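Enquirer: I have a structure I would like to understand better, so I am pasting it below and will then ask my questions one at a time.
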Amino acid sequence: MKQSTLTQRRGARGEVAVPVAVPAARSISTADERQDRLHVAIIMDGNGRWAERQGLPRVAGHRAGAEAVRRIVSAAPGHGIGTLTLYAFSADNWRRPPLEVKNLMRLFRTHLRTDAERLVEAGVRLNVIGRRDRLAPALLAEIRAVEDRTRDGDRLRLQLAVDYSGRDAIVEAARLSADEPELSRVLFADRIARALHADAAIPDVDLLVRTGGEQRLSDFLLWECAYAEFLFTPRLWPDFAEADLATAVREFETRERRFGGGPQQHHAED
């Protein structure tokens, strides 16, 4: 019997070799178990183009995109994913037309309120990462309420990036580290997490998926994606389904991750 291919998983606190696999959905109640599951990040692109192709207003595309979020969050644990980070609204998205921004923020608040119980029942712990000082007080209160309500979720860590900029996070982390006499990668990663209102224990990204056909990072998780595998798909986000997620994970399993080192050695089991 052949041993499964080993790859290196790189977390915020170092590197460890583990087999990449897709276990059945289960609770991930311990730190070690969470470390052994994948961190998948998704740039959810294509809502507006989806709406235009349907002859609908852009807000309809965002509503359809919210349904895709529900599908993928529900499916993620069954595909070996312990952390799912979704790019919902970038710091540069404030430059969009005011009505579109208003609709996005209203939609975001509505889904936080209506989906809270569903997240609790599914064992999903939600954390919103990014700046918070530019969000409306009512939205910020909703975020804090849902984060508190889902605090005990142990099946999936869900991070929603809102008013997010990877560059701004690094700049703020540098400011927070200005008085550190000996700055390390681990310490700097902690500072980035603090700047983002994130959990420093979350491992680095294993797989980054971008929908919509574009092939760029768009200022998303620049530090955390240092050794991530990238997958770009033309599928528009509202059409992204569980089968697409499964295909992405299977593609990830074929990649050999070296982290700057030599090829991995594979050995047959006795």
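Within each chain, counting starts at residue 1; across the structure tokens, chains are named A, B, ... in the order shown, with ligands numbered 1 upward in that order.
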Could you pull out the alpha helix (DSSP H) residues of stretch 57-261 of chain A from DSSP and send them as a PyMOL selection string?
Expert: chain A and resi 58-75+98-122+137-149+166-176+185-196+242-254
Enquirer: As a list in words, which residues of stretch 141-220 of chain A does DSSP assign to strand (DSSP E or B)?
Expert: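 Of stretch 141-220 of chain A, the ones in strand (DSSP E or B) are Leu156, Arg157, Leu158, Gln159, Leu160, Ala161, Val162, Asp163, Tyr164, Leu207, Leu208, Val209 and Arg210 of chain A.
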Enquirer: Got a sec: who's within 8 Å of stretch 115-127 of chain A, counting only C-alpha atoms, leaving out chain neighbours fewer than 5 positions off, as a ChimeraX atom specification?
Expert: /A:27,74,146-147,149-160,198
Enquirer: Based on the selection just made, write C-alpha atoms of those residues as a PDB file, in the first residue's frame.
Expert:
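Writing done, so here's out_39.pdb:
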ATOM      1  CA  SER A  27     -15.638  18.368  14.670  1.00  0.00           C
ATOM      2  CA  SER A  74     -22.002  24.336   4.275  1.00  0.00           C
ATOM      3  CA  VAL A 146     -22.601  37.071  15.646  1.00  0.00           C
ATOM      4  CA  GLU A 147     -18.923  36.595  16.528  1.00  0.00           C
ATOM      5  CA  ARG A 149     -22.798  33.887  19.365  1.00  0.00           C
ATOM      6  CA  THR A 150     -20.681  31.559  17.190  1.00  0.00           C
ATOM      7  CA  ARG A 151     -17.669  31.586  19.500  1.00  0.00           C
ATOM      8  CA  ASP A 152     -17.982  27.870  20.340  1.00  0.00           C
ATOM      9  CA  GLY A 153     -18.171  26.671  16.726  1.00  0.00           C
ATOM     10  CA  ASP A 154     -15.665  23.839  16.289  1.00  0.00           C
ATOM     11  CA  ARG A 155     -16.363  22.449  12.812  1.00  0.00           C
ATOM     12  CA  LEU A 156     -15.265  25.361  10.603  1.00  0.00           C
ATOM     13  CA  ARG A 157     -13.495  28.680  11.150  1.00  0.00           C
ATOM     14  CA  LEU A 158     -15.077  31.174   8.762  1.00  0.00           C
ATOM     15  CA  GLN A 159     -13.288  34.469   8.165  1.00  0.00           C
ATOM     16  CA  LEU A 160     -15.049  37.199   6.183  1.00  0.00           C
ATOM     17  CA  ALA A 198      -8.043  38.077  13.461  1.00  0.00           C
TER      18      ALA A 198
END
Enquirer: A:Tyr164, A:Phe232, A:Trp237, A:Trp223: which is nearest A:Ala51, counting only C-alpha atoms?
Expert: A:Trp237
Enquirer: Could you name the residues that touch A:Leu187 at 10 Å or less, counting only C-alpha atoms, but leaving out those on the same chain fewer than 4 positions away, as a list in words?
Expert: Ala12, Arg13, Ala173, Ser177, Glu180, Glu182, Leu183, Arg191, Ile192, Ala193 and Ala200 of chain A
Enquirer: Export, as a short mmCIF file (atom, residue, chain, number, x, y, z; two decimals), in the first residue's frame, the selected residues with C-alpha atoms.
Expert:
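Listing of selection.cif after writing:
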data_model
loop_
_atom_site.label_atom_id
_atom_site.label_comp_id
_atom_site.auth_asym_id
_atom_site.auth_seq_id
_atom_site.Cartn_x
_atom_site.Cartn_y
_atom_site.Cartn_z
CA ALA A 12 1.79 31.33 11.31
CA ARG A 13 3.92 29.57 13.93
CA ALA A 173 1.66 45.56 11.85
CA SER A 177 6.12 46.41 15.95
CA GLU A 180 10.15 45.48 19.28
CA GLU A 182 13.95 41.55 18.06
CA LEU A 183 11.22 41.15 15.48
CA ARG A 191 0.87 41.86 14.82
CA ILE A 192 -0.86 41.39 11.47
CA ALA A 193 -3.57 39.36 13.18
CA ALA A 200 -3.18 34.60 15.28
#
Enquirer: Can you list, as a PyMOL selection string, every protein, DNA or RNA residue that comes within 12 Å of A:Glu224 when you count only C-alpha atoms, leaving out same-chain residues fewer than 6 positions away?
Expert: chain A and resi 10-13+39-41+85+166-167+169-170+185-186+188-190+192-193+198+200-208+217
Enquirer: Give me, as a PyMOL selection string, all polymer residues having an atom no more than 10 Å from A:Gly213, counting only C-alpha atoms and skipping those fewer than 2 positions away in the same chain.
Expert: chain A and resi 45-46+210-211+215-216+232-236
Enquirer: Keeping only N, CA and C atoms, write the selected residues as a compact mmCIF listing (two decimals), in the first residue's frame.
Expert:
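Okay, result.txt is ready:
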# COMPACT_ATOMS: atom_id res chain seq x y z
N ASP A 45 -15.24 36.64 -7.02
CA ASP A 45 -15.31 37.62 -8.10
C ASP A 45 -16.37 37.21 -9.12
N GLY A 46 -17.09 38.19 -9.64
CA GLY A 46 -18.00 37.93 -10.75
C GLY A 46 -19.46 38.20 -10.49
N ARG A 210 -9.57 31.95 -6.97
CA ARG A 210 -10.23 33.16 -7.44
C ARG A 210 -11.19 32.80 -8.55
N THR A 211 -12.44 33.19 -8.40
CA THR A 211 -13.44 32.96 -9.42
C THR A 211 -13.47 34.14 -10.38
N GLN A 215 -6.74 36.85 -12.76
CA GLN A 215 -5.61 36.13 -12.17
C GLN A 215 -4.71 37.10 -11.42
N ARG A 216 -5.22 37.59 -10.30
CA ARG A 216 -4.45 38.49 -9.46
C ARG A 216 -4.93 38.38 -8.02
N PHE A 232 -7.19 29.50 -10.39
CA PHE A 232 -8.07 30.49 -10.99
C PHE A 232 -9.09 29.79 -11.88
N THR A 233 -10.35 30.18 -11.74
CA THR A 233 -11.42 29.56 -12.51
C THR A 233 -12.26 30.65 -13.18
N PRO A 234 -12.72 30.40 -14.42
CA PRO A 234 -13.60 31.37 -15.07
C PRO A 234 -15.01 31.39 -14.49
N ARG A 235 -15.33 30.42 -13.67
CA ARG A 235 -16.68 30.34 -13.09
C ARG A 235 -16.98 31.61 -12.29
N LEU A 236 -18.09 32.27 -12.58
CA LEU A 236 -18.49 33.44 -11.82
C LEU A 236 -18.96 33.00 -10.44
Enquirer: Any idea what's packed within 10 Å of A:Arg71, counting only C-alpha atoms, ignoring anything in its chain fewer than 4 positions away? Could you give it as a PyMOL selection string?
Expert: chain A and resi 65-67+75-76+240-242
Enquirer: What is the atom CA of A:Asp148 to atom CA of A:Ile81 distance in Å?
Expert: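 So the answer is 22.1 Å.
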